[in-house]
$ cat target-v3.cif   # mmCIF, C-alpha atoms and all ligand atoms
data_target
loop_
_atom_site.label_atom_id
_atom_site.label_comp_id
_atom_site.auth_asym_id
_atom_site.auth_seq_id
_atom_site.Cartn_x
_atom_site.Cartn_y
_atom_site.Cartn_z
CA MET G 1 134.44 -90.46 2.52
CA THR G 2 134.89 -91.93 -0.93
CA THR G 3 132.98 -94.68 -2.60
CA ARG G 4 134.73 -97.45 -4.37
CA ILE G 5 133.67 -100.45 -6.42
CA VAL G 6 135.47 -103.62 -5.44
CA GLU G 7 135.34 -106.39 -8.04
CA LEU G 8 134.91 -109.72 -6.29
CA ARG G 9 133.83 -112.27 -8.91
CA LYS G 10 133.30 -114.86 -6.21
CA GLY G 11 131.13 -117.90 -6.67
CA ILE G 12 128.47 -117.95 -3.98
CA LEU G 13 128.49 -121.74 -3.85
CA LYS G 14 132.26 -121.87 -4.19
CA LYS G 15 132.73 -123.81 -0.95
CA ASN G 16 130.28 -126.46 -2.09
CA ASP G 17 131.83 -126.57 -5.57
CA GLU G 18 135.31 -127.06 -4.10
CA LEU G 19 134.14 -129.82 -1.78
CA ALA G 20 132.29 -131.46 -4.67
CA ALA G 21 135.40 -131.33 -6.84
CA GLY G 22 137.31 -133.07 -4.03
CA LEU G 23 134.61 -135.73 -3.79
CA ARG G 24 134.64 -136.25 -7.54
CA GLN G 25 138.39 -136.91 -7.39
CA ARG G 26 137.90 -139.41 -4.57
CA TYR G 27 135.15 -141.23 -6.48
CA THR G 28 137.26 -141.41 -9.62
CA ALA G 29 140.32 -142.61 -7.74
CA ALA G 30 138.23 -145.30 -6.02
CA GLY G 31 136.57 -146.34 -9.30
CA VAL G 32 133.04 -146.00 -7.91
CA LEU G 33 130.20 -144.71 -10.08
CA VAL G 34 128.19 -142.13 -8.13
CA LEU G 35 124.64 -141.14 -9.03
CA ASN G 36 122.50 -138.36 -7.53
CA LEU G 37 118.73 -138.97 -7.77
CA VAL G 38 116.50 -135.90 -7.77
CA SER G 39 112.73 -135.51 -8.07
CA SER G 40 109.69 -134.13 -6.30
CA PRO G 41 108.55 -135.81 -3.09
CA GLY G 42 106.85 -139.13 -3.75
CA THR G 43 108.00 -139.70 -7.34
CA GLY G 44 109.29 -143.11 -6.33
CA LYS G 45 113.03 -142.53 -5.81
CA THR G 46 113.22 -144.94 -2.88
CA ALA G 47 111.11 -147.61 -4.57
CA PHE G 48 113.23 -147.35 -7.73
CA LEU G 49 116.43 -147.54 -5.68
CA GLU G 50 115.21 -150.50 -3.62
CA LEU G 51 114.80 -152.43 -6.82
CA THR G 52 118.05 -151.14 -8.34
CA LEU G 53 120.08 -152.11 -5.26
CA ARG G 54 118.51 -155.56 -5.10
CA GLU G 55 119.04 -156.25 -8.81
CA LEU G 56 122.64 -155.04 -8.72
CA ARG G 57 123.43 -157.16 -5.68
CA THR G 58 121.91 -160.20 -7.35
CA ARG G 59 124.34 -159.58 -10.19
CA GLY G 60 127.26 -159.46 -7.75
CA ALA G 61 127.84 -155.70 -7.81
CA ARG G 62 129.01 -153.88 -4.67
CA VAL G 63 126.56 -151.08 -3.93
CA ALA G 64 125.81 -148.54 -1.19
CA ALA G 65 123.40 -145.67 -0.76
CA LEU G 66 123.02 -142.38 1.04
CA VAL G 67 119.52 -140.97 1.39
CA GLY G 68 118.51 -137.45 2.33
CA ASP G 69 115.25 -136.49 4.02
CA LEU G 70 114.30 -133.64 6.32
CA GLU G 71 113.37 -136.10 9.07
CA THR G 72 112.98 -139.88 9.69
CA ASP G 73 115.13 -142.81 8.67
CA ASN G 74 112.26 -144.59 6.93
CA ASP G 75 113.87 -144.48 3.50
CA ALA G 76 117.21 -145.75 4.82
CA ARG G 77 115.44 -148.69 6.45
CA ARG G 78 113.61 -149.50 3.22
CA LEU G 79 116.83 -149.37 1.23
CA ALA G 80 118.82 -151.34 3.81
CA ALA G 81 116.43 -154.27 3.35
CA SER G 82 118.31 -154.92 0.11
CA GLY G 83 121.32 -155.87 2.24
CA ALA G 84 123.40 -152.94 0.97
CA PRO G 85 125.10 -150.52 3.37
CA VAL G 86 122.85 -147.45 3.65
CA ARG G 87 123.07 -144.24 5.61
CA GLN G 88 120.34 -141.70 6.25
CA ILE G 89 121.13 -137.98 6.14
CA ASN G 90 118.58 -135.88 8.03
CA THR G 91 118.79 -132.28 6.90
CA HIS G 92 116.38 -130.92 9.54
CA GLY G 93 114.68 -128.38 7.34
CA ILE G 94 117.30 -127.89 4.64
CA CYS G 95 115.78 -128.51 1.22
CA HIS G 96 118.73 -130.22 -0.47
CA LEU G 97 121.87 -132.26 0.17
CA ASP G 98 125.21 -130.51 -0.14
CA ALA G 99 128.76 -131.76 -0.62
CA ASP G 100 129.61 -131.21 3.05
CA MET G 101 126.79 -133.52 4.20
CA ILE G 102 127.99 -136.18 1.78
CA THR G 103 131.58 -135.87 2.96
CA SER G 104 130.62 -136.26 6.59
CA HIS G 105 128.43 -139.30 5.92
CA LEU G 106 131.02 -141.22 3.90
CA GLY G 107 133.24 -141.72 6.95
CA GLY G 108 134.35 -145.30 7.43
CA TRP G 109 133.21 -146.50 4.01
CA GLN G 110 135.89 -147.94 1.72
CA LEU G 111 134.94 -146.31 -1.55
CA ASP G 112 137.34 -148.50 -3.51
CA GLU G 113 135.35 -151.53 -2.37
CA LEU G 114 132.22 -150.18 -4.06
CA ASP G 115 131.08 -150.34 -7.67
CA TYR G 116 128.10 -148.00 -7.30
CA LEU G 117 127.10 -145.37 -4.77
CA PHE G 118 123.58 -143.98 -5.04
CA ILE G 119 122.56 -140.72 -3.41
CA GLU G 120 118.83 -140.13 -3.03
CA ASN G 121 118.38 -136.39 -2.68
CA VAL G 122 115.69 -134.64 -0.64
CA GLY G 123 112.40 -134.60 -2.56
CA ASN G 124 112.50 -131.15 -4.15
CA LEU G 125 112.53 -130.02 -7.77
CA VAL G 126 114.29 -126.70 -7.27
CA CYS G 127 117.14 -126.53 -4.78
CA PRO G 128 119.10 -129.76 -5.33
CA SER G 129 120.02 -128.64 -8.85
CA SER G 130 122.37 -125.95 -7.48
CA TYR G 131 124.38 -128.30 -5.31
CA ASP G 132 126.99 -130.46 -6.95
CA LEU G 133 127.66 -133.62 -4.90
CA GLY G 134 130.55 -134.72 -7.09
CA GLU G 135 128.32 -137.26 -8.84
CA LYS G 136 129.01 -138.46 -12.35
CA VAL G 137 125.36 -138.97 -13.21
CA ARG G 138 122.50 -136.79 -12.08
CA VAL G 139 119.21 -138.61 -12.54
CA ALA G 140 115.96 -136.64 -12.68
CA LEU G 141 112.87 -138.74 -11.97
CA LEU G 142 109.31 -138.00 -12.97
CA SER G 143 106.28 -140.18 -12.23
CA VAL G 144 103.34 -140.67 -14.57
CA THR G 145 101.04 -139.17 -11.93
CA GLU G 146 102.81 -135.79 -11.84
CA GLY G 147 101.86 -134.37 -15.20
CA GLU G 148 103.76 -134.44 -18.46
CA ASP G 149 104.70 -130.76 -18.16
CA LYS G 150 106.92 -131.13 -15.07
CA PRO G 151 110.10 -130.66 -17.16
CA LEU G 152 108.72 -127.40 -18.57
CA LYS G 153 107.79 -126.17 -15.09
CA TYR G 154 111.16 -127.07 -13.59
CA PRO G 155 113.65 -126.58 -16.44
CA THR G 156 116.55 -125.74 -14.12
CA LEU G 157 116.45 -129.22 -12.65
CA PHE G 158 115.74 -131.19 -15.80
CA ASN G 159 118.35 -129.27 -17.76
CA SER G 160 121.05 -130.23 -15.25
CA ALA G 161 120.26 -133.96 -15.45
CA ASP G 162 122.33 -136.57 -17.27
CA ALA G 163 119.56 -139.17 -17.36
CA ALA G 164 115.81 -139.12 -16.82
CA VAL G 165 113.62 -141.86 -15.38
CA ILE G 166 109.86 -141.97 -15.76
CA THR G 167 108.53 -143.94 -12.78
CA LYS G 168 105.26 -145.74 -11.99
CA MET G 169 104.72 -146.78 -15.61
CA ASP G 170 102.28 -149.42 -14.32
CA LEU G 171 99.92 -146.50 -13.63
CA ALA G 172 100.32 -144.91 -17.07
CA VAL G 173 97.02 -146.16 -18.47
CA PRO G 174 94.75 -145.43 -15.48
CA CYS G 175 96.36 -141.99 -15.19
CA GLY G 176 95.90 -141.20 -18.87
CA PHE G 177 99.63 -140.55 -19.12
CA ASP G 178 100.60 -139.02 -22.47
CA ARG G 179 103.92 -140.75 -23.04
CA ASP G 180 104.84 -138.98 -26.28
CA LEU G 181 104.22 -135.59 -24.74
CA ALA G 182 106.32 -136.41 -21.66
CA LEU G 183 109.22 -137.63 -23.81
CA LYS G 184 108.95 -134.55 -26.00
CA ASN G 185 108.95 -132.20 -22.99
CA ILE G 186 111.98 -133.83 -21.42
CA ASN G 187 113.82 -133.64 -24.72
CA GLU G 188 112.81 -130.00 -25.22
CA ILE G 189 114.54 -129.09 -21.93
CA ARG G 190 117.47 -131.49 -22.13
CA PRO G 191 118.02 -132.49 -25.75
CA GLY G 192 119.43 -135.95 -26.31
CA ILE G 193 119.15 -137.12 -22.68
CA ARG G 194 118.74 -140.88 -22.04
CA ILE G 195 115.20 -141.59 -20.82
CA PHE G 196 114.17 -144.77 -18.96
CA GLU G 197 110.57 -145.84 -18.44
CA THR G 198 110.24 -147.98 -15.33
CA SER G 199 107.91 -149.44 -12.76
CA ALA G 200 109.05 -150.46 -9.31
CA LYS G 201 105.85 -152.50 -9.00
CA THR G 202 106.33 -154.67 -12.10
CA GLY G 203 110.07 -154.25 -12.67
CA ALA G 204 109.43 -152.98 -16.20
CA GLY G 205 112.31 -151.08 -17.76
CA MET G 206 114.85 -152.21 -15.16
CA ASP G 207 116.94 -154.25 -17.59
CA THR G 208 117.62 -151.24 -19.80
CA TRP G 209 118.41 -149.15 -16.74
CA LEU G 210 120.84 -151.74 -15.35
CA ALA G 211 122.55 -152.03 -18.72
CA TYR G 212 122.98 -148.25 -18.74
CA LEU G 213 124.53 -148.35 -15.25
CA ALA G 214 127.02 -150.98 -16.38
CA GLU G 215 127.91 -148.89 -19.45
CA GLU G 216 128.44 -145.76 -17.36
CA ARG G 217 130.65 -147.68 -14.98
CA GLU G 218 132.71 -149.12 -17.81
CA GLY G 219 132.99 -145.65 -19.28
CA ARG G 220 134.74 -144.31 -16.23
CA LYS G 221 137.61 -146.78 -16.24
CA MET E 1 114.18 -122.48 -1.22
CA HIS E 2 117.74 -122.02 -0.12
CA GLU E 3 117.87 -118.25 -0.39
CA LEU E 4 118.86 -117.95 3.26
CA SER E 5 121.92 -120.15 2.86
CA ILE E 6 122.84 -118.17 -0.26
CA ILE E 7 122.66 -114.93 1.66
CA SER E 8 124.69 -116.34 4.55
CA SER E 9 127.33 -117.27 2.03
CA ILE E 10 127.22 -113.74 0.55
CA VAL E 11 127.60 -112.22 4.02
CA GLU E 12 130.59 -114.45 4.71
CA SER E 13 132.30 -113.65 1.40
CA VAL E 14 131.73 -109.92 1.57
CA THR E 15 132.81 -109.74 5.21
CA GLU E 16 136.06 -111.50 4.26
CA SER E 17 136.70 -109.03 1.46
CA LEU E 18 136.04 -106.09 3.76
CA ALA E 19 139.05 -106.97 5.86
CA ALA E 20 141.15 -105.07 3.32
CA TYR E 21 139.06 -101.93 3.84
CA PRO E 22 138.83 -101.30 7.57
CA GLY E 23 135.89 -99.16 8.60
CA ALA E 24 134.33 -99.27 5.14
CA GLN E 25 130.58 -99.41 4.80
CA VAL E 26 128.81 -101.55 2.25
CA ILE E 27 126.47 -99.58 0.00
CA GLU E 28 125.62 -102.18 -2.58
CA VAL E 29 126.20 -105.85 -3.38
CA ARG E 30 125.95 -106.86 -7.03
CA LEU E 31 125.19 -110.43 -8.04
CA ARG E 32 125.31 -112.24 -11.37
CA VAL E 33 122.66 -114.92 -11.42
CA GLY E 34 122.12 -117.19 -14.41
CA ALA E 35 118.56 -117.94 -15.45
CA LEU E 36 119.22 -121.62 -14.70
CA ALA E 37 120.62 -121.01 -11.22
CA SER E 38 117.37 -121.96 -9.45
CA VAL E 39 117.36 -118.71 -7.52
CA VAL E 40 114.43 -116.35 -7.41
CA GLU E 41 115.28 -112.67 -7.16
CA ASP E 42 112.14 -111.76 -5.18
CA SER E 43 112.93 -114.32 -2.50
CA LEU E 44 116.52 -113.15 -2.35
CA GLN E 45 115.43 -109.54 -1.91
CA PHE E 46 112.86 -110.58 0.65
CA CYS E 47 115.42 -112.41 2.79
CA TYR E 48 118.25 -109.95 2.29
CA GLN E 49 117.12 -107.18 4.65
CA ILE E 50 116.47 -109.54 7.53
CA ALA E 51 119.42 -111.84 6.97
CA THR E 52 121.96 -109.00 6.79
CA GLU E 53 120.84 -107.31 10.00
CA ASP E 54 123.67 -107.15 12.53
CA THR E 55 126.24 -107.85 9.82
CA PRO E 56 128.57 -105.43 8.01
CA LEU E 57 126.09 -105.62 5.11
CA ALA E 58 123.19 -104.17 7.09
CA GLY E 59 121.36 -101.46 5.18
CA SER E 60 123.06 -102.23 1.87
CA LYS E 61 121.24 -102.69 -1.39
CA LEU E 62 121.18 -105.96 -3.30
CA VAL E 63 121.37 -105.70 -7.07
CA VAL E 64 120.65 -108.88 -9.02
CA ASN E 65 121.82 -109.07 -12.60
CA VAL E 66 120.01 -111.95 -14.30
CA LEU E 67 121.97 -113.53 -17.14
CA PRO E 68 120.05 -115.23 -19.92
CA VAL E 69 120.91 -118.73 -21.05
CA VAL E 70 123.50 -118.81 -23.82
CA MET E 71 124.00 -122.06 -25.73
CA HIS E 72 126.42 -123.00 -28.46
CA CYS E 73 124.65 -123.97 -31.66
CA GLU E 74 126.72 -126.46 -33.62
CA PRO E 75 125.01 -126.00 -37.06
CA CYS E 76 125.10 -122.19 -36.79
CA GLY E 77 128.63 -122.30 -35.42
CA GLN E 78 127.91 -119.62 -32.86
CA ASP E 79 126.61 -118.86 -29.38
CA VAL E 80 122.92 -118.05 -29.19
CA THR E 81 120.79 -116.57 -26.44
CA LEU E 82 117.64 -118.50 -25.54
CA PRO E 83 114.53 -116.31 -25.31
CA SER E 84 112.95 -118.63 -22.70
CA LEU E 85 113.62 -121.77 -20.69
CA GLN E 86 110.79 -123.67 -22.33
CA SER E 87 112.75 -124.98 -25.24
CA PHE E 88 116.43 -125.67 -25.69
CA ARG E 89 116.47 -125.05 -29.41
CA CYS E 90 118.48 -122.55 -31.38
CA PRO E 91 116.27 -119.50 -31.98
CA GLN E 92 117.84 -119.17 -35.43
CA CYS E 93 117.85 -122.63 -36.95
CA GLY E 94 115.49 -124.52 -34.61
CA GLU E 95 117.96 -127.33 -33.88
CA PHE E 96 118.31 -128.69 -30.35
CA VAL E 97 121.19 -127.20 -28.39
CA ALA E 98 122.86 -128.99 -25.48
CA ASP E 99 126.12 -127.11 -25.05
CA LEU E 100 125.61 -124.56 -22.26
CA ARG E 101 127.85 -121.50 -22.27
CA GLN E 102 126.07 -119.25 -19.76
CA GLY E 103 123.14 -119.56 -17.39
CA ARG E 104 124.23 -121.33 -14.21
CA GLU E 105 126.27 -118.48 -12.71
CA LEU E 106 125.69 -117.61 -9.10
CA GLU E 107 128.32 -115.14 -8.04
CA ILE E 108 129.08 -111.88 -6.33
CA GLU E 109 130.24 -109.61 -9.10
CA ALA E 110 131.28 -106.59 -7.04
CA ILE E 111 130.52 -104.55 -3.98
CA GLU E 112 130.26 -100.81 -3.67
CA ILE E 113 131.72 -99.52 -0.43
CA GLU E 114 132.17 -96.18 1.26
CA GLU E 115 135.60 -95.86 2.73
CA ASN E 116 136.20 -94.17 6.02
CA HIS E 117 139.54 -92.39 5.81
CA ASP E 118 139.95 -92.12 9.58
CA HIS E 119 141.01 -95.74 9.34
CA ALA E 120 143.32 -95.34 6.39
CA HIS E 121 146.96 -95.74 7.31
CA CYS E 122 149.01 -93.01 5.65
N1 LIG N 301 102.10 -148.10 -8.59
C1 LIG N 301 103.34 -147.73 -8.29
N2 LIG N 301 103.57 -147.07 -7.14
C2 LIG N 301 104.84 -146.69 -6.85
C3 LIG N 301 105.92 -146.96 -7.73
N3 LIG N 301 107.05 -146.44 -7.19
C4 LIG N 301 106.69 -145.89 -6.03
N4 LIG N 301 105.36 -146.04 -5.81
C5 LIG N 301 104.61 -145.57 -4.64
O1 LIG N 301 104.72 -144.16 -4.56
C6 LIG N 301 104.85 -143.76 -3.20
C7 LIG N 301 106.11 -142.94 -3.00
O2 LIG N 301 107.22 -143.73 -3.31
P1 LIG N 301 108.67 -143.47 -2.69
O3 LIG N 301 109.59 -144.46 -3.27
O4 LIG N 301 108.59 -143.38 -1.21
O5 LIG N 301 108.94 -142.01 -3.27
P2 LIG N 301 110.19 -141.03 -2.99
O6 LIG N 301 110.45 -140.29 -4.26
O7 LIG N 301 111.32 -141.79 -2.43
O8 LIG N 301 109.61 -140.04 -1.90
P3 LIG N 301 110.41 -139.00 -0.95
O9 LIG N 301 111.67 -139.68 -0.51
O10 LIG N 301 109.47 -138.72 0.15
O11 LIG N 301 110.68 -137.79 -1.79
C8 LIG N 301 104.82 -145.02 -2.37
O12 LIG N 301 103.50 -145.23 -1.90
C9 LIG N 301 105.23 -146.09 -3.36
O13 LIG N 301 104.69 -147.36 -3.05
C10 LIG N 301 105.64 -147.66 -8.95
O14 LIG N 301 106.50 -147.93 -9.79
N5 LIG N 301 104.33 -148.02 -9.18
MG MG N 302 112.43 -141.50 -0.68
#

$ encode --input "target-v3.cif" --output "C-alpha cells"
Amino acid sequence: MTTRIVELRKGILKKNDELAAGLRQRYTAAGVLVLNLVSSPGTGKTAFLELTLRELRTRGARVAALVGDLETDNDARRLAASGAPVRQINTHGICHLDADMITSHLGGWQLDELDYLFIENVGNLVCPSSYDLGEKVRVALLSVTEGEDKPLKYPTLFNSADAAVITKMDLAVPCGFDRDLALKNINEIRPGIRIFETSAKTGAGMDTWLAYLAEEREGRK
Amino acid sequence: MHELSIISSIVESVTESLAAYPGAQVIEVRLRVGALASVVEDSLQFCYQIATEDTPLAGSKLVVNVLPVVMHCEPCGQDVTLPSLQSFRCPQCGEFVADLRQGRELEIEAIEIEENHDHAHC
C-alpha cells in the first residue's frame, strides 16, 4: 500500500461552464441579447419582465422569455400575456437554473429571429450566481421592501451582476426606503455597475432601462 | 443550497479519475473554493458523508481550501487581497476595484489515494 497525491485541478461546475460557453456562442451567432434576471423571491422579476416585454414589443422588438420556478406555470402565463413566446422551466426542488435546463428548453425556437431573450431565474439570492447560463447581462434585482443592506448580505450575487434594478420604487416613501444608502451599498459590492430605479406599477424608470437594453444590443453587433 | 449537486459532481469527477488507479482507495479530496463561489463549507461537510456513501469516495475526508478575493487595483498597479466581502475597495488606496483576479474558483485541486498493488500490472 502506498499513498499518492493525484493533482486534478478540475472545475466542479465544468460541465455547466462548457454548456454555457456553447450557449453563449449560439446567442452571439444568432445576434440575440440574452439577460439572466436574479433576485430573492417576490422582488418583482415577473412584474418587471411583463412590462419590459410589452414595451419592447410595442417598439417592434422580437422578444422571448424563459422562466424558472420550482413549481407552477403561473409566471409563464403572466409573461405570455404580453404576446411573446414564453416557456416555463419547473426545477422541482432545484434552487437555480443551469445551462442544461436552458439548452433543453430552447428547442424549436429560432434564436436568430429574436432580438432579446430574457431568463427569469428561480427566486434565490445564493445559488443562481454559480451557474452561468451563457447570458451577456446578469441583472440583480432588489425591491425597496427588502432592506438597503441586501447587497452587503449577498455579495456573491451582487458582485457577479452586470446591472442592478431597484424595483417597486412606488413604495419607496411608505417603506422609508433610504435610496442613497441602497445605491451606496450596491456600488460598494459592485463598483461602477449601472443601476436602474423602476416601478412596474407606475412604469417609472422604464425608459432608461429600455434605452440601456438597446445600447447593449447594439454593443454586441 | 446546491451543495448536493456539487458533491455529486465531485463524486463523478473523482470516480472518473480513479479509473487510472484500479483498486485505489480515496483518503482525501481537496477543494479550492473562492470566497465568492456561493458555497458554504459547513454545508458541504454536512452533505459529504451522506452523499458519498456507496461511492468510491465513501469514508474519505473533504478538505476545503478557501481562497480570498484578489482584485487588481489600477491606481496601485498591483493585485490586492480583500479583507472582507463588504467592500470592493483597495485596502491600500481606498479606490473601488472591479477587476477580479481570484475568488470564484470551485474546483477539485487534488485527491489523496491509497494504491492497492495487487491490482498493479507489472
Ligand atoms: N407596488 C408594487 N408592487 C409590485 C411591483 N412589482 C411587483 N410587485 C408585487 O410584488 C409581488 C411579487 O411580484 P413578482 O413579479 O411575482 O415577483 P417575482 O420576483 O417574480 O417572484 P418569484 O418569481 O416568486 O421569485 C406581486 O404581488 C407584485 O404585484 C411594483 O413595482 N410595485
Ligand atoms: Mg416570478

$ closest_residue --input "target-v3.cif" --among "G:Thr103, G:Ser160, G:Thr43, G:Thr58" --to "ligand LIG 301 (chain N)" --atoms "only C-alpha atoms and all ligand atoms"
G:Thr43

$ residues_around --input "target-v3.cif" --residues "Arg87 in chain G" --least-positions-apart "3" --cutoff "12 Å" --atoms "all atoms listed in the file" --output "VMD selection string"
chain G and resid 64 to 69 72 to 80 84 90 101 to 102 104 to 109 117 to 120

$ atom_distance --input "target-v3.cif" --atom1 "CA of Ala163 in chain G" --atom2 "CA of Ile193 in chain G"
5.7 Å

$ interface_residues --input "target-v3.cif" --of "chain G" --to "chain E" --cutoff "6 Å" --atoms "all atoms listed in the file" --output "list in words"
Met1, Thr2, Thr3, Arg4, Ile5, Val6, Glu7, Leu8, Arg9, Lys10, Gly11, Ile12, Leu152, Thr156, Glu188, Ile189 and Pro191 of chain G

$ residues_around --input "target-v3.cif" --residues "Val32 in chain G" --least-positions-apart "5" --cutoff "6 Å" --atoms "all atoms listed in the file" --output "list in words"
Tyr27, Leu114, Asp115 and Tyr116 of chain G

$ atom_distance --input "target-v3.cif" --atom1 "CA of Gly42 in chain G" --atom2 "CA of Pro155 in chain G"
19.1 Å

$ closest_residue --input "target-v3.cif" --among "G:Asn159, G:Asn16, G:Ser39, G:Thr208" --to "Asn121 in chain G" --atoms "only C-alpha atoms"
G:Ser39

$ residues_near_ligand --input "target-v3.cif" --ligand "ligand LIG 301 (chain N)" --cutoff "7 Å" --atoms "all atoms listed in the file" --output "list in words"
Ser39, Ser40, Pro41, Gly42, Thr43, Gly44, Lys45, Thr46, Ala47, Phe48, Asp69, Asp75, Val122, Gly123, Thr167, Lys168, Met169, Asp170, Leu171, Thr198, Ser199, Ala200 and Lys201 of chain G

$ write_last_selection --input "target-v3.cif" --atoms "C-alpha atoms" --output "short mmCIF file (atom, residue, chain, number, x, y, z; two decimals), in the coordinates of the input"
data_model
loop_
_atom_site.label_atom_id
_atom_site.label_comp_id
_atom_site.auth_asym_id
_atom_site.auth_seq_id
_atom_site.Cartn_x
_atom_site.Cartn_y
_atom_site.Cartn_z
CA SER G 39 112.73 -135.51 -8.07
CA SER G 40 109.69 -134.13 -6.30
CA PRO G 41 108.55 -135.81 -3.09
CA GLY G 42 106.85 -139.13 -3.75
CA THR G 43 108.00 -139.70 -7.34
CA GLY G 44 109.29 -143.11 -6.33
CA LYS G 45 113.03 -142.53 -5.81
CA THR G 46 113.22 -144.94 -2.88
CA ALA G 47 111.11 -147.61 -4.57
CA PHE G 48 113.23 -147.35 -7.73
CA ASP G 69 115.25 -136.49 4.02
CA ASP G 75 113.87 -144.48 3.50
CA VAL G 122 115.69 -134.64 -0.64
CA GLY G 123 112.40 -134.60 -2.56
CA THR G 167 108.53 -143.94 -12.78
CA LYS G 168 105.26 -145.74 -11.99
CA MET G 169 104.72 -146.78 -15.61
CA ASP G 170 102.28 -149.42 -14.32
CA LEU G 171 99.92 -146.50 -13.63
CA THR G 198 110.24 -147.98 -15.33
CA SER G 199 107.91 -149.44 -12.76
CA ALA G 200 109.05 -150.46 -9.31
CA LYS G 201 105.85 -152.50 -9.00
#

$ axis_aligned_box --input "target-v3.cif" --around "range 82-93 of chain E" --padding-each-side "8 Å" --output "AutoDock Vina command-line options"
--center_x 114.6 --center_y -121.0 --center_z -28.8 --size_x 23.7 --size_y 25.4 --size_z 32.3

$ decode --input "target-v3.cif" --residues "range 101-121 of chain G" --atoms "N, CA and C atoms" --output "JSON list (two decimals), in the first residue's frame"
[["chain", "number", "residue", "atom", "x", "y", "z"],
["G", 101, "MET", "N", -30.68, 23.01, -18.44],
["G", 101, "MET", "CA", -32.13, 23.29, -18.47],
["G", 101, "MET", "C", -32.43, 24.30, -19.58],
["G", 102, "ILE", "N", -31.56, 25.29, -19.73],
["G", 102, "ILE", "CA", -31.78, 26.29, -20.77],
["G", 102, "ILE", "C", -31.71, 25.63, -22.14],
["G", 103, "THR", "N", -30.65, 24.83, -22.34],
["G", 103, "THR", "CA", -30.47, 24.16, -23.62],
["G", 103, "THR", "C", -31.72, 23.35, -23.99],
["G", 104, "SER", "N", -32.23, 22.59, -23.02],
["G", 104, "SER", "CA", -33.34, 21.71, -23.36],
["G", 104, "SER", "C", -34.65, 22.47, -23.54],
["G", 105, "HIS", "N", -34.73, 23.71, -23.06],
["G", 105, "HIS", "CA", -35.97, 24.46, -23.25],
["G", 105, "HIS", "C", -35.92, 25.43, -24.44],
["G", 106, "LEU", "N", -34.80, 25.47, -25.13],
["G", 106, "LEU", "CA", -34.70, 26.36, -26.30],
["G", 106, "LEU", "C", -35.15, 25.65, -27.57],
["G", 107, "GLY", "N", -35.37, 24.34, -27.47],
["G", 107, "GLY", "CA", -35.70, 23.53, -28.65],
["G", 107, "GLY", "C", -36.83, 24.13, -29.46],
["G", 108, "GLY", "N", -36.62, 24.24, -30.77],
["G", 108, "GLY", "CA", -37.68, 24.70, -31.64],
["G", 108, "GLY", "C", -37.74, 26.22, -31.80],
["G", 109, "TRP", "N", -37.01, 26.95, -30.96],
["G", 109, "TRP", "CA", -37.01, 28.41, -31.11],
["G", 109, "TRP", "C", -35.91, 28.81, -32.08],
["G", 110, "GLN", "N", -36.23, 29.71, -33.01],
["G", 110, "GLN", "CA", -35.23, 30.24, -33.93],
["G", 110, "GLN", "C", -34.57, 31.43, -33.25],
["G", 111, "LEU", "N", -33.39, 31.21, -32.68],
["G", 111, "LEU", "CA", -32.75, 32.29, -31.94],
["G", 111, "LEU", "C", -32.42, 33.49, -32.84],
["G", 112, "ASP", "N", -32.15, 33.21, -34.12],
["G", 112, "ASP", "CA", -31.78, 34.33, -35.00],
["G", 112, "ASP", "C", -33.00, 35.17, -35.39],
["G", 113, "GLU", "N", -34.17, 34.72, -34.96],
["G", 113, "GLU", "CA", -35.37, 35.56, -35.20],
["G", 113, "GLU", "C", -35.74, 36.35, -33.95],
["G", 114, "LEU", "N", -34.83, 36.36, -32.96],
["G", 114, "LEU", "CA", -35.09, 37.10, -31.73],
["G", 114, "LEU", "C", -34.08, 38.24, -31.56],
["G", 115, "ASP", "N", -34.55, 39.33, -30.96],
["G", 115, "ASP", "CA", -33.65, 40.41, -30.58],
["G", 115, "ASP", "C", -33.22, 40.26, -29.12],
["G", 116, "TYR", "N", -34.17, 39.86, -28.28],
["G", 116, "TYR", "CA", -33.89, 39.73, -26.85],
["G", 116, "TYR", "C", -34.46, 38.43, -26.31],
["G", 117, "LEU", "N", -33.69, 37.76, -25.47],
["G", 117, "LEU", "CA", -34.20, 36.60, -24.74],
["G", 117, "LEU", "C", -33.95, 36.86, -23.25],
["G", 118, "PHE", "N", -35.04, 36.86, -22.49],
["G", 118, "PHE", "CA", -34.93, 37.09, -21.05],
["G", 118, "PHE", "C", -35.08, 35.76, -20.31],
["G", 119, "ILE", "N", -34.23, 35.56, -19.33],
["G", 119, "ILE", "CA", -34.35, 34.37, -18.49],
["G", 119, "ILE", "C", -34.61, 34.82, -17.06],
["G", 120, "GLU", "N", -35.79, 34.51, -16.54],
["G", 120, "GLU", "CA", -36.07, 34.81, -15.14],
["G", 120, "GLU", "C", -35.64, 33.61, -14.32],
["G", 121, "ASN", "N", -34.66, 33.80, -13.46],
["G", 121, "ASN", "CA", -34.13, 32.70, -12.67],
["G", 121, "ASN", "C", -35.07, 32.38, -11.50]]
